[in-house]
file data_8.cif (mmCIF, C-alpha atoms)
data_query
loop_
_atom_site.group_PDB
_atom_site.id
_atom_site.type_symbol
_atom_site.label_atom_id
_atom_site.label_comp_id
_atom_site.auth_asym_id
_atom_site.auth_seq_id
_atom_site.Cartn_x
_atom_site.Cartn_y
_atom_site.Cartn_z
ATOM 1 C CA GLY A 1 -43.347 123.577 13.852
ATOM 2 C CA GLU A 2 -40.795 123.689 11.078
ATOM 3 C CA ASN A 3 -41.276 126.495 8.594
ATOM 4 C CA VAL A 4 -39.500 128.019 5.608
ATOM 5 C CA GLU A 5 -40.517 131.484 4.498
ATOM 6 C CA GLN A 6 -39.657 132.584 0.960
ATOM 7 C CA HIS A 7 -39.718 136.081 -0.555
ATOM 8 C CA PRO A 8 -40.734 137.531 -2.896
ATOM 9 C CA SER A 9 -43.624 135.445 -4.178
ATOM 10 C CA THR A 10 -43.276 137.041 -7.621
ATOM 11 C CA LEU A 11 -40.234 138.641 -9.208
ATOM 12 C CA SER A 12 -40.015 140.308 -12.598
ATOM 13 C CA VAL A 13 -36.651 141.340 -14.042
ATOM 14 C CA GLN A 14 -35.284 142.499 -17.356
ATOM 15 C CA GLU A 15 -33.091 140.093 -19.303
ATOM 16 C CA GLY A 16 -29.500 140.518 -18.200
ATOM 17 C CA ASP A 17 -30.387 141.816 -14.731
ATOM 18 C CA SER A 18 -29.805 139.894 -11.507
ATOM 19 C CA ALA A 19 -32.487 138.175 -9.445
ATOM 20 C CA VAL A 20 -32.346 137.470 -5.714
ATOM 21 C CA ILE A 21 -34.676 135.203 -3.765
ATOM 22 C CA LYS A 22 -34.496 135.027 0.018
ATOM 23 C CA CYS A 23 -35.534 132.333 2.473
ATOM 24 C CA THR A 24 -35.640 132.013 6.228
ATOM 25 C CA TYR A 25 -35.905 128.732 8.096
ATOM 26 C CA SER A 26 -37.071 128.111 11.630
ATOM 27 C CA ASP A 27 -35.426 124.852 12.714
ATOM 28 C CA SER A 28 -31.777 125.382 13.653
ATOM 29 C CA ALA A 29 -31.159 121.654 13.169
ATOM 30 C CA SER A 30 -31.568 122.088 9.389
ATOM 31 C CA ASN A 31 -28.340 121.134 7.668
ATOM 32 C CA TYR A 32 -29.029 120.980 3.948
ATOM 33 C CA PHE A 33 -30.548 123.681 1.780
ATOM 34 C CA PRO A 34 -31.476 122.806 -1.818
ATOM 35 C CA TRP A 35 -33.032 125.039 -4.442
ATOM 36 C CA TYR A 36 -35.385 123.599 -7.031
ATOM 37 C CA LYS A 37 -36.612 125.047 -10.294
ATOM 38 C CA GLN A 38 -40.009 124.059 -11.625
ATOM 39 C CA GLU A 39 -40.968 125.024 -15.139
ATOM 40 C CA LEU A 40 -44.626 125.113 -16.101
ATOM 41 C CA GLY A 41 -46.100 121.635 -16.199
ATOM 42 C CA LYS A 42 -42.825 119.972 -15.265
ATOM 43 C CA ARG A 43 -41.379 118.372 -12.164
ATOM 44 C CA PRO A 44 -39.090 120.275 -9.774
ATOM 45 C CA GLN A 45 -35.386 119.875 -10.504
ATOM 46 C CA LEU A 46 -32.428 120.675 -8.293
ATOM 47 C CA ILE A 47 -30.380 123.620 -9.505
ATOM 48 C CA ILE A 48 -28.010 124.147 -6.590
ATOM 49 C CA ASP A 49 -27.656 123.137 -2.955
ATOM 50 C CA ILE A 50 -25.584 124.089 0.060
ATOM 51 C CA ARG A 51 -24.724 122.310 3.264
ATOM 52 C CA SER A 52 -24.591 123.906 6.690
ATOM 53 C CA ASN A 53 -20.795 123.821 6.888
ATOM 54 C CA VAL A 54 -20.468 126.066 3.816
ATOM 55 C CA GLY A 55 -21.292 129.763 3.574
ATOM 56 C CA GLU A 56 -21.421 130.215 -0.166
ATOM 57 C CA LYS A 57 -21.524 128.115 -3.317
ATOM 58 C CA LYS A 58 -21.474 129.151 -6.947
ATOM 59 C CA ASP A 59 -22.268 127.345 -10.190
ATOM 60 C CA GLN A 60 -21.895 129.496 -13.291
ATOM 61 C CA ARG A 61 -24.652 132.153 -13.123
ATOM 62 C CA ILE A 62 -26.189 130.764 -9.940
ATOM 63 C CA ALA A 63 -24.968 131.267 -6.382
ATOM 64 C CA VAL A 64 -26.369 130.489 -2.972
ATOM 65 C CA THR A 65 -25.379 132.031 0.350
ATOM 66 C CA LEU A 66 -26.148 130.739 3.834
ATOM 67 C CA ASN A 67 -26.146 132.624 7.129
ATOM 68 C CA LYS A 68 -26.668 130.013 9.843
ATOM 69 C CA THR A 69 -26.734 132.544 12.657
ATOM 70 C CA ALA A 70 -29.601 134.459 11.099
ATOM 71 C CA LYS A 71 -31.125 131.295 9.596
ATOM 72 C CA HIS A 72 -31.228 132.954 6.182
ATOM 73 C CA PHE A 73 -30.234 131.652 2.782
ATOM 74 C CA SER A 74 -30.498 133.261 -0.618
ATOM 75 C CA LEU A 75 -30.372 132.404 -4.304
ATOM 76 C CA HIS A 76 -28.663 134.780 -6.694
ATOM 77 C CA ILE A 77 -29.055 134.500 -10.457
ATOM 78 C CA THR A 78 -26.890 136.809 -12.561
ATOM 79 C CA GLU A 79 -27.282 137.724 -16.233
ATOM 80 C CA THR A 80 -30.812 136.375 -16.285
ATOM 81 C CA GLN A 81 -32.170 134.874 -19.491
ATOM 82 C CA PRO A 82 -35.770 134.223 -20.604
ATOM 83 C CA GLU A 83 -35.260 130.495 -20.000
ATOM 84 C CA ASP A 84 -34.692 131.274 -16.309
ATOM 85 C CA SER A 85 -38.420 132.057 -16.078
ATOM 86 C CA ALA A 86 -39.919 129.454 -13.737
ATOM 87 C CA VAL A 87 -40.983 128.905 -10.140
ATOM 88 C CA TYR A 88 -38.098 128.541 -7.714
ATOM 89 C CA PHE A 89 -38.427 126.744 -4.388
ATOM 90 C CA CYS A 90 -36.035 126.900 -1.487
ATOM 91 C CA ALA A 91 -36.028 124.092 1.050
ATOM 92 C CA ALA A 92 -34.470 123.094 4.347
ATOM 93 C CA SER A 93 -33.782 119.507 5.260
ATOM 94 C CA ILE A 94 -33.997 118.483 8.899
ATOM 95 C CA PRO A 95 -32.146 115.311 9.936
ATOM 96 C CA PHE A 96 -34.746 114.052 12.377
ATOM 97 C CA GLY A 97 -34.925 110.300 12.436
ATOM 98 C CA GLY A 98 -34.612 109.953 8.708
ATOM 99 C CA PHE A 99 -35.145 113.396 7.326
ATOM 100 C CA LYS A 100 -37.889 115.766 6.348
ATOM 101 C CA THR A 101 -37.574 118.493 3.770
ATOM 102 C CA ILE A 102 -39.611 121.642 4.261
ATOM 103 C CA PHE A 103 -40.185 123.785 1.182
ATOM 104 C CA GLY A 104 -40.871 127.471 0.848
ATOM 105 C CA ALA A 105 -44.012 128.602 -0.965
ATOM 106 C CA GLY A 106 -42.084 129.397 -4.142
ATOM 107 C CA THR A 107 -41.082 132.454 -6.171
ATOM 108 C CA ARG A 108 -42.404 132.926 -9.663
ATOM 109 C CA LEU A 109 -39.621 134.559 -11.689
ATOM 110 C CA PHE A 110 -40.386 136.338 -14.946
ATOM 111 C CA VAL A 111 -37.475 137.376 -17.143
ATOM 112 C CA LYS A 112 -38.553 139.871 -19.778
ATOM 113 C CA ALA A 113 -36.681 139.863 -23.058
ATOM 114 C CA LYS B 1 -31.214 105.005 -15.322
ATOM 115 C CA ALA B 2 -34.923 105.481 -15.639
ATOM 116 C CA GLY B 3 -36.334 108.386 -13.677
ATOM 117 C CA VAL B 4 -38.955 108.377 -10.975
ATOM 118 C CA THR B 5 -42.332 107.288 -12.281
ATOM 119 C CA GLN B 6 -45.784 107.801 -10.829
ATOM 120 C CA THR B 7 -49.099 106.220 -11.704
ATOM 121 C CA PRO B 8 -51.709 107.183 -12.499
ATOM 122 C CA ARG B 9 -50.923 110.630 -13.878
ATOM 123 C CA TYR B 10 -54.488 111.892 -13.487
ATOM 124 C CA LEU B 11 -57.337 110.881 -11.225
ATOM 125 C CA ILE B 12 -60.857 112.167 -10.726
ATOM 126 C CA LYS B 13 -62.696 111.059 -7.608
ATOM 127 C CA THR B 14 -65.725 112.161 -5.641
ATOM 128 C CA ARG B 15 -65.908 113.182 -2.021
ATOM 129 C CA GLY B 16 -65.845 110.292 0.405
ATOM 130 C CA GLN B 17 -64.002 107.926 -1.907
ATOM 131 C CA GLN B 18 -60.488 106.706 -1.346
ATOM 132 C CA VAL B 19 -57.508 106.707 -3.672
ATOM 133 C CA THR B 20 -54.146 104.969 -3.975
ATOM 134 C CA LEU B 21 -51.197 106.535 -5.769
ATOM 135 C CA SER B 22 -48.043 104.700 -6.762
ATOM 136 C CA CYS B 23 -44.415 105.759 -7.049
ATOM 137 C CA SER B 24 -41.455 103.843 -8.460
ATOM 138 C CA PRO B 25 -38.126 105.371 -7.438
ATOM 139 C CA ILE B 26 -34.892 105.423 -9.370
ATOM 140 C CA SER B 27 -33.230 102.039 -9.217
ATOM 141 C CA GLY B 28 -31.050 101.806 -6.132
ATOM 142 C CA HIS B 29 -32.761 104.652 -4.277
ATOM 143 C CA ARG B 30 -34.219 103.518 -0.991
ATOM 144 C CA SER B 31 -35.644 106.792 0.295
ATOM 145 C CA VAL B 32 -39.000 107.969 -1.021
ATOM 146 C CA SER B 33 -40.749 111.143 0.083
ATOM 147 C CA TRP B 34 -44.247 112.322 -0.785
ATOM 148 C CA TYR B 35 -45.403 115.918 -1.195
ATOM 149 C CA GLN B 36 -48.689 117.676 -1.840
ATOM 150 C CA GLN B 37 -48.432 120.662 -4.180
ATOM 151 C CA THR B 38 -51.188 123.251 -4.374
ATOM 152 C CA PRO B 39 -51.080 126.744 -5.926
ATOM 153 C CA GLY B 40 -49.569 129.224 -3.503
ATOM 154 C CA GLN B 41 -48.692 126.577 -0.912
ATOM 155 C CA GLY B 42 -45.547 125.188 -2.393
ATOM 156 C CA LEU B 43 -44.735 121.585 -1.620
ATOM 157 C CA GLN B 44 -46.102 120.285 1.650
ATOM 158 C CA PHE B 45 -44.226 117.316 3.120
ATOM 159 C CA LEU B 46 -46.408 114.265 3.675
ATOM 160 C CA PHE B 47 -44.033 111.482 4.719
ATOM 161 C CA GLU B 48 -40.700 109.833 4.032
ATOM 162 C CA TYR B 49 -39.994 106.116 3.751
ATOM 163 C CA PHE B 50 -36.741 104.228 3.858
ATOM 164 C CA SER B 51 -36.367 100.462 3.659
ATOM 165 C CA GLU B 52 -40.099 99.924 4.180
ATOM 166 C CA THR B 53 -40.189 102.118 7.306
ATOM 167 C CA GLN B 54 -41.871 105.485 7.649
ATOM 168 C CA ARG B 55 -39.232 107.670 9.225
ATOM 169 C CA ASN B 56 -40.961 111.036 9.163
ATOM 170 C CA LYS B 57 -44.437 112.400 8.786
ATOM 171 C CA GLY B 58 -45.734 115.865 8.023
ATOM 172 C CA ASN B 59 -48.745 117.639 9.471
ATOM 173 C CA PHE B 60 -51.495 115.872 7.572
ATOM 174 C CA PRO B 61 -54.517 114.081 9.023
ATOM 175 C CA GLY B 62 -54.558 110.333 9.451
ATOM 176 C CA ARG B 63 -56.572 109.991 6.247
ATOM 177 C CA PHE B 64 -53.228 110.237 4.493
ATOM 178 C CA SER B 65 -51.148 107.109 4.778
ATOM 179 C CA GLY B 66 -48.451 105.332 2.871
ATOM 180 C CA ARG B 67 -46.242 102.331 2.649
ATOM 181 C CA GLN B 68 -43.105 101.138 0.966
ATOM 182 C CA PHE B 69 -42.387 97.734 -0.438
ATOM 183 C CA SER B 70 -39.198 95.700 -0.380
ATOM 184 C CA ASN B 71 -38.341 96.875 -3.924
ATOM 185 C CA SER B 72 -38.595 100.506 -2.669
ATOM 186 C CA ARG B 73 -41.769 101.192 -4.615
ATOM 187 C CA SER B 74 -44.124 103.276 -2.542
ATOM 188 C CA GLU B 75 -47.828 103.909 -2.391
ATOM 189 C CA MET B 76 -49.820 106.569 -0.672
ATOM 190 C CA ASN B 77 -53.485 106.292 0.192
ATOM 191 C CA VAL B 78 -56.008 108.982 0.935
ATOM 192 C CA SER B 79 -59.283 107.866 2.470
ATOM 193 C CA THR B 80 -62.565 109.747 2.766
ATOM 194 C CA LEU B 81 -61.553 112.282 0.146
ATOM 195 C CA GLU B 82 -62.392 115.948 0.663
ATOM 196 C CA LEU B 83 -62.561 118.746 -1.903
ATOM 197 C CA GLY B 84 -59.428 120.261 -0.367
ATOM 198 C CA ASP B 85 -57.435 117.148 -1.247
ATOM 199 C CA SER B 86 -57.406 118.221 -4.882
ATOM 200 C CA ALA B 87 -53.722 118.759 -5.661
ATOM 201 C CA LEU B 88 -50.665 117.514 -7.477
ATOM 202 C CA TYR B 89 -49.050 114.726 -5.489
ATOM 203 C CA LEU B 90 -45.336 114.386 -6.067
ATOM 204 C CA CYS B 91 -43.018 111.694 -4.918
ATOM 205 C CA ALA B 92 -39.256 112.035 -4.828
ATOM 206 C CA SER B 93 -36.512 109.497 -4.383
ATOM 207 C CA SER B 94 -33.028 109.943 -3.016
ATOM 208 C CA ALA B 95 -29.881 107.865 -2.931
ATOM 209 C CA GLY B 96 -28.893 109.343 0.389
ATOM 210 C CA THR B 97 -30.076 108.319 3.814
ATOM 211 C CA SER B 98 -29.493 111.507 5.759
ATOM 212 C CA GLY B 99 -31.460 114.096 3.821
ATOM 213 C CA SER B 100 -28.427 115.957 2.537
ATOM 214 C CA HIS B 101 -28.719 114.567 -0.942
ATOM 215 C CA GLU B 102 -30.599 115.568 -4.056
ATOM 216 C CA GLN B 103 -34.159 114.394 -4.375
ATOM 217 C CA PHE B 104 -35.388 113.363 -7.823
ATOM 218 C CA PHE B 105 -39.041 114.065 -8.432
ATOM 219 C CA GLY B 106 -41.586 112.118 -10.385
ATOM 220 C CA PRO B 107 -44.044 113.807 -12.779
ATOM 221 C CA GLY B 108 -46.785 113.782 -10.172
ATOM 222 C CA THR B 109 -50.340 112.528 -9.967
ATOM 223 C CA ARG B 110 -52.969 115.212 -10.377
ATOM 224 C CA LEU B 111 -55.926 114.376 -8.165
ATOM 225 C CA THR B 112 -59.232 116.155 -8.635
ATOM 226 C CA VAL B 113 -61.941 115.627 -6.035
ATOM 227 C CA LEU B 114 -65.464 116.545 -7.117
#
call {"tool": "encode", "arguments": {"input": "data_8.cif", "output": "structure tokens"}}
result
Amino acid sequence: GENVEQHPSTLSVQEGDSAVIKCTYSDSASNYFPWYKQELGKRPQLIIDIRSNVGEKKDQRIAVTLNKTAKHFSLHITETQPEDSAVYFCAASIPFGGFKTIFGAGTRLFVKA
Amino acid sequence: KAGVTQTPRYLIKTRGQQVTLSCSPISGHRSVSWYQQTPGQGLQFLFEYFSETQRNKGNFPGRFSGRQFSNSRSEMNVSTLELGDSALYLCASSAGTSGSHEQFFGPGTRLTVL
């Protein structure tokens, strides 16, 4: 069945360093890849997304890359700040009938001041 | 616009009981998806509704069901509750119809099964 693997499960970085989270999806029909940030006790919120016809997208300190051939996509956060500490989820949306969005298991990011 | 709302926010039930959770999407959004969130498992897709029709279903047993009303509000029902059903249940609404649009999440309903 459809699956999204996400690594690492936990990531600890020093403030100002970069953080990279990697995901792999199984269904080649996936065409939309959002990233959500969930702070403790709060709901997930979209931080960036990329569609299958684009290889890279950047929004200030956040960038996402997509390699459709390898079925890999990654989130890059530069100049990390303590407020970046949260759980990050990657996801792949499959346009089957309506659609279904499969999430990775999440990465808990700690940014140490 | 008001965000996605879910009721109730907390529920405690015992094994064997059934439960109904409610989700009101953002006004104008017709797609509603439901997810189960447990520690270490991320968000597991339950089902997606659009214009009162279930378009997709995840790999959950038939005890999990849902519906959507003409005003796009959605409910999910879990019958014969098991201990393993304890989780945060999130719904999300989207303005898009094809899945390539942002989903807006509600605050979730935390279900505890004793």
call {"tool": "residues_around", "arguments": {"input": "data_8.cif", "residues": "Lys57 in chain A", "least_positions_apart": "2", "cutoff": "12 Å", "atoms": "all atoms listed in the file", "output": "JSON, numbers by chain"}}
result
{"A": [33, 34, 35, 47, 48, 49, 50, 51, 52, 53, 54, 55, 59, 60, 61, 62, 63, 64, 65, 66, 73, 74, 75, 76]}
call {"tool": "closest_atom_pairs", "arguments": {"input": "data_8.cif", "of": "chain A", "to": "chain B", "cutoff": "10 Å", "atoms": "all atoms listed in the file", "output": "JSON lines"}}
result
{"residue": "A:Gly1", "atom": "CA", "partner": "B:Asn59", "partner_atom": "CA", "distance": 9.1}
{"residue": "A:Glu2", "atom": "CA", "partner": "B:Gly58", "partner_atom": "CA", "distance": 9.7}
{"residue": "A:Ser9", "atom": "CA", "partner": "B:Gly40", "partner_atom": "CA", "distance": 8.6}
{"residue": "A:Ser30", "atom": "CA", "partner": "B:Ser100", "partner_atom": "CA", "distance": 9.7}
{"residue": "A:Asn31", "atom": "CA", "partner": "B:Ser100", "partner_atom": "CA", "distance": 7.3}
{"residue": "A:Tyr32", "atom": "CA", "partner": "B:Ser100", "partner_atom": "CA", "distance": 5.3}
{"residue": "A:Phe33", "atom": "CA", "partner": "B:Ser100", "partner_atom": "CA", "distance": 8.0}
{"residue": "A:Pro34", "atom": "CA", "partner": "B:Glu102", "partner_atom": "CA", "distance": 7.6}
{"residue": "A:Trp35", "atom": "CA", "partner": "B:Glu102", "partner_atom": "CA", "distance": 9.8}
{"residue": "A:Tyr36", "atom": "CA", "partner": "B:Gln103", "partner_atom": "CA", "distance": 9.7}
{"residue": "A:Gly41", "atom": "CA", "partner": "B:Pro107", "partner_atom": "CA", "distance": 8.8}
{"residue": "A:Lys42", "atom": "CA", "partner": "B:Pro107", "partner_atom": "CA", "distance": 6.8}
{"residue": "A:Arg43", "atom": "CA", "partner": "B:Pro107", "partner_atom": "CA", "distance": 5.3}
{"residue": "A:Pro44", "atom": "CA", "partner": "B:Phe105", "partner_atom": "CA", "distance": 6.4}
{"residue": "A:Gln45", "atom": "CA", "partner": "B:Phe104", "partner_atom": "CA", "distance": 7.0}
{"residue": "A:Leu46", "atom": "CA", "partner": "B:Glu102", "partner_atom": "CA", "distance": 6.9}
{"residue": "A:Ile47", "atom": "CA", "partner": "B:Glu102", "partner_atom": "CA", "distance": 9.7}
{"residue": "A:Ile48", "atom": "CA", "partner": "B:Glu102", "partner_atom": "CA", "distance": 9.3}
{"residue": "A:Asp49", "atom": "CA", "partner": "B:Glu102", "partner_atom": "CA", "distance": 8.2}
{"residue": "A:Ile50", "atom": "CA", "partner": "B:Ser100", "partner_atom": "CA", "distance": 9.0}
{"residue": "A:Arg51", "atom": "CA", "partner": "B:Ser100", "partner_atom": "CA", "distance": 7.4}
{"residue": "A:Ser52", "atom": "CA", "partner": "B:Ser100", "partner_atom": "CA", "distance": 9.8}
{"residue": "A:Val87", "atom": "CA", "partner": "B:Gly42", "partner_atom": "CA", "distance": 9.7}
{"residue": "A:Tyr88", "atom": "CA", "partner": "B:Gly42", "partner_atom": "CA", "distance": 9.7}
{"residue": "A:Phe89", "atom": "CA", "partner": "B:Gly42", "partner_atom": "CA", "distance": 7.6}
{"residue": "A:Cys90", "atom": "CA", "partner": "B:Gly42", "partner_atom": "CA", "distance": 9.7}
{"residue": "A:Ala91", "atom": "CA", "partner": "B:Leu43", "partner_atom": "CA", "distance": 9.4}
{"residue": "A:Ala92", "atom": "CA", "partner": "B:Gly99", "partner_atom": "CA", "distance": 9.5}
{"residue": "A:Ser93", "atom": "CA", "partner": "B:Gly99", "partner_atom": "CA", "distance": 6.1}
{"residue": "A:Ile94", "atom": "CA", "partner": "B:Gly99", "partner_atom": "CA", "distance": 7.2}
{"residue": "A:Pro95", "atom": "CA", "partner": "B:Ser98", "partner_atom": "CA", "distance": 6.2}
{"residue": "A:Phe96", "atom": "CA", "partner": "B:Asn56", "partner_atom": "CA", "distance": 7.6}
{"residue": "A:Gly97", "atom": "CA", "partner": "B:Arg55", "partner_atom": "CA", "distance": 6.0}
{"residue": "A:Gly98", "atom": "CA", "partner": "B:Arg55", "partner_atom": "CA", "distance": 5.2}
{"residue": "A:Phe99", "atom": "CA", "partner": "B:Gly99", "partner_atom": "CA", "distance": 5.1}
{"residue": "A:Lys100", "atom": "CA", "partner": "B:Asn56", "partner_atom": "CA", "distance": 6.3}
{"residue": "A:Thr101", "atom": "CA", "partner": "B:Phe45", "partner_atom": "CA", "distance": 6.8}
{"residue": "A:Ile102", "atom": "CA", "partner": "B:Phe45", "partner_atom": "CA", "distance": 6.4}
{"residue": "A:Phe103", "atom": "CA", "partner": "B:Leu43", "partner_atom": "CA", "distance": 5.8}
{"residue": "A:Gly104", "atom": "CA", "partner": "B:Gly42", "partner_atom": "CA", "distance": 6.1}
{"residue": "A:Ala105", "atom": "CA", "partner": "B:Gly42", "partner_atom": "CA", "distance": 4.0}
{"residue": "A:Gly106", "atom": "CA", "partner": "B:Gly42", "partner_atom": "CA", "distance": 5.7}
{"residue": "A:Thr107", "atom": "CA", "partner": "B:Gly42", "partner_atom": "CA", "distance": 9.3}
call {"tool": "write_last_selection", "arguments": {"input": "data_8.cif", "atoms": "C-alpha atoms", "output": "PDB file, in the frame of the given file"}}
result
ATOM      1  CA  GLY A   1     -43.347 123.577  13.852  1.00  0.00           C
ATOM      2  CA  GLU A   2     -40.795 123.689  11.078  1.00  0.00           C
ATOM      3  CA  SER A   9     -43.624 135.445  -4.178  1.00  0.00           C
ATOM      4  CA  SER A  30     -31.568 122.088   9.389  1.00  0.00           C
ATOM      5  CA  ASN A  31     -28.340 121.134   7.668  1.00  0.00           C
ATOM      6  CA  TYR A  32     -29.029 120.980   3.948  1.00  0.00           C
ATOM      7  CA  PHE A  33     -30.548 123.681   1.780  1.00  0.00           C
ATOM      8  CA  PRO A  34     -31.476 122.806  -1.818  1.00  0.00           C
ATOM      9  CA  TRP A  35     -33.032 125.039  -4.442  1.00  0.00           C
ATOM     10  CA  TYR A  36     -35.385 123.599  -7.031  1.00  0.00           C
ATOM     11  CA  GLY A  41     -46.100 121.635 -16.199  1.00  0.00           C
ATOM     12  CA  LYS A  42     -42.825 119.972 -15.265  1.00  0.00           C
ATOM     13  CA  ARG A  43     -41.379 118.372 -12.164  1.00  0.00           C
ATOM     14  CA  PRO A  44     -39.090 120.275  -9.774  1.00  0.00           C
ATOM     15  CA  GLN A  45     -35.386 119.875 -10.504  1.00  0.00           C
ATOM     16  CA  LEU A  46     -32.428 120.675  -8.293  1.00  0.00           C
ATOM     17  CA  ILE A  47     -30.380 123.620  -9.505  1.00  0.00           C
ATOM     18  CA  ILE A  48     -28.010 124.147  -6.590  1.00  0.00           C
ATOM     19  CA  ASP A  49     -27.656 123.137  -2.955  1.00  0.00           C
ATOM     20  CA  ILE A  50     -25.584 124.089   0.060  1.00  0.00           C
ATOM     21  CA  ARG A  51     -24.724 122.310   3.264  1.00  0.00           C
ATOM     22  CA  SER A  52     -24.591 123.906   6.690  1.00  0.00           C
ATOM     23  CA  VAL A  87     -40.983 128.905 -10.140  1.00  0.00           C
ATOM     24  CA  TYR A  88     -38.098 128.541  -7.714  1.00  0.00           C
ATOM     25  CA  PHE A  89     -38.427 126.744  -4.388  1.00  0.00           C
ATOM     26  CA  CYS A  90     -36.035 126.900  -1.487  1.00  0.00           C
ATOM     27  CA  ALA A  91     -36.028 124.092   1.050  1.00  0.00           C
ATOM     28  CA  ALA A  92     -34.470 123.094   4.347  1.00  0.00           C
ATOM     29  CA  SER A  93     -33.782 119.507   5.260  1.00  0.00           C
ATOM     30  CA  ILE A  94     -33.997 118.483   8.899  1.00  0.00           C
ATOM     31  CA  PRO A  95     -32.146 115.311   9.936  1.00  0.00           C
ATOM     32  CA  PHE A  96     -34.746 114.052  12.377  1.00  0.00           C
ATOM     33  CA  GLY A  97     -34.925 110.300  12.436  1.00  0.00           C
ATOM     34  CA  GLY A  98     -34.612 109.953   8.708  1.00  0.00           C
ATOM     35  CA  PHE A  99     -35.145 113.396   7.326  1.00  0.00           C
ATOM     36  CA  LYS A 100     -37.889 115.766   6.348  1.00  0.00           C
ATOM     37  CA  THR A 101     -37.574 118.493   3.770  1.00  0.00           C
ATOM     38  CA  ILE A 102     -39.611 121.642   4.261  1.00  0.00           C
ATOM     39  CA  PHE A 103     -40.185 123.785   1.182  1.00  0.00           C
ATOM     40  CA  GLY A 104     -40.871 127.471   0.848  1.00  0.00           C
ATOM     41  CA  ALA A 105     -44.012 128.602  -0.965  1.00  0.00           C
ATOM     42  CA  GLY A 106     -42.084 129.397  -4.142  1.00  0.00           C
ATOM     43  CA  THR A 107     -41.082 132.454  -6.171  1.00  0.00           C
TER      44      THR A 107
END
call {"tool": "residues_around", "arguments": {"input": "data_8.cif", "residues": "Arg15 in chain B", "least_positions_apart": "4", "cutoff": "7 Å", "atoms": "all atoms listed in the file", "output": "PDB file with C-alpha atoms, in the frame of the given file"}}
result
ATOM      1  CA  THR B  80     -62.565 109.747   2.766  1.00  0.00           C
ATOM      2  CA  LEU B  81     -61.553 112.282   0.146  1.00  0.00           C
ATOM      3  CA  GLU B  82     -62.392 115.948   0.663  1.00  0.00           C
ATOM      4  CA  LEU B  83     -62.561 118.746  -1.903  1.00  0.00           C
ATOM      5  CA  VAL B 113     -61.941 115.627  -6.035  1.00  0.00           C
ATOM      6  CA  LEU B 114     -65.464 116.545  -7.117  1.00  0.00           C
TER       7      LEU B 114
END
call {"tool": "residues_around", "arguments": {"input": "data_8.cif", "residues": "Ile12 in chain B", "least_positions_apart": "5", "cutoff": "12 Å", "atoms": "only C-alpha atoms", "output": "PyMOL selection string"}}
result
chain B and resi 17-20+81+83+85-88+109-114
call {"tool": "resolve_selection", "arguments": {"input": "data_8.cif", "expression": "the PyMOL selection byres ((chain B and resi 22) around 9)", "output": "ChimeraX atom specification"}}
result
/B:5-8,20-21,23-24,73-77,91,109
call {"tool": "atom_distance", "arguments": {"input": "data_8.cif", "atom1": "CA of Ala113 in chain A", "atom2": "CA of Ser18 in chain A"}}
result
13.4 Å
call {"tool": "atom_distance", "arguments": {"input": "data_8.cif", "atom1": "CA of Asp17 in chain A", "atom2": "CA of Val4 in chain A"}}
result
26.2 Å
call {"tool": "axis_aligned_box", "arguments": {"input": "data_8.cif", "around": "range 31-46 of chain A", "padding_each_side": "3 Å", "output": "JSON"}}
result
{"center_x": -37.2, "center_y": 121.7, "center_z": -4.3, "size_x": 23.8, "size_y": 12.7, "size_z": 29.9}
call {"tool": "residues_near_point", "arguments": {"input": "data_8.cif", "point": "(-37.6, 104.5, -3.1)", "cutoff": "6 Å", "atoms": "all atoms listed in the file", "output": "PyMOL selection string"}}
result
chain B and resi 25+29-32+72-73+93
call {"tool": "atom_distance", "arguments": {"input": "data_8.cif", "atom1": "CA of Lys22 in chain A", "atom2": "CA of Phe60 in chain B"}}
result
26.7 Å
call {"tool": "build_atoms", "arguments": {"input": "data_8.cif", "residues": "range 63-69 of chain B", "atoms": "N, CA, C and O atoms", "output": "mmCIF file, keeping the file's coordinate frame"}}
result
data_model
loop_
_atom_site.group_PDB
_atom_site.id
_atom_site.type_symbol
_atom_site.label_atom_id
_atom_site.label_comp_id
_atom_site.auth_asym_id
_atom_site.auth_seq_id
_atom_site.Cartn_x
_atom_site.Cartn_y
_atom_site.Cartn_z
ATOM 1 N N ARG B 63 -56.004 110.499 7.503
ATOM 2 C CA ARG B 63 -56.572 109.991 6.247
ATOM 3 C C ARG B 63 -55.485 109.756 5.197
ATOM 4 O O ARG B 63 -55.695 109.007 4.242
ATOM 5 N N PHE B 64 -54.352 110.392 5.407
ATOM 6 C CA PHE B 64 -53.228 110.237 4.493
ATOM 7 C C PHE B 64 -52.279 109.175 5.074
ATOM 8 O O PHE B 64 -51.800 109.319 6.197
ATOM 9 N N SER B 65 -52.035 108.160 4.312
ATOM 10 C CA SER B 65 -51.148 107.109 4.778
ATOM 11 C C SER B 65 -50.299 106.607 3.619
ATOM 12 O O SER B 65 -50.571 106.926 2.453
ATOM 13 N N GLY B 66 -49.310 105.836 3.934
ATOM 14 C CA GLY B 66 -48.451 105.332 2.871
ATOM 15 C C GLY B 66 -47.785 104.043 3.288
ATOM 16 O O GLY B 66 -47.939 103.570 4.418
ATOM 17 N N ARG B 67 -47.062 103.494 2.344
ATOM 18 C CA ARG B 67 -46.242 102.331 2.649
ATOM 19 C C ARG B 67 -45.160 102.202 1.588
ATOM 20 O O ARG B 67 -45.249 102.800 0.512
ATOM 21 N N GLN B 68 -44.186 101.393 1.915
ATOM 22 C CA GLN B 68 -43.105 101.138 0.966
ATOM 23 C C GLN B 68 -42.848 99.648 0.938
ATOM 24 O O GLN B 68 -42.880 98.968 1.973
ATOM 25 N N PHE B 69 -42.597 99.155 -0.238
ATOM 26 C CA PHE B 69 -42.387 97.734 -0.438
ATOM 27 C C PHE B 69 -40.892 97.409 -0.462
ATOM 28 O O PHE B 69 -40.047 98.304 -0.517
#
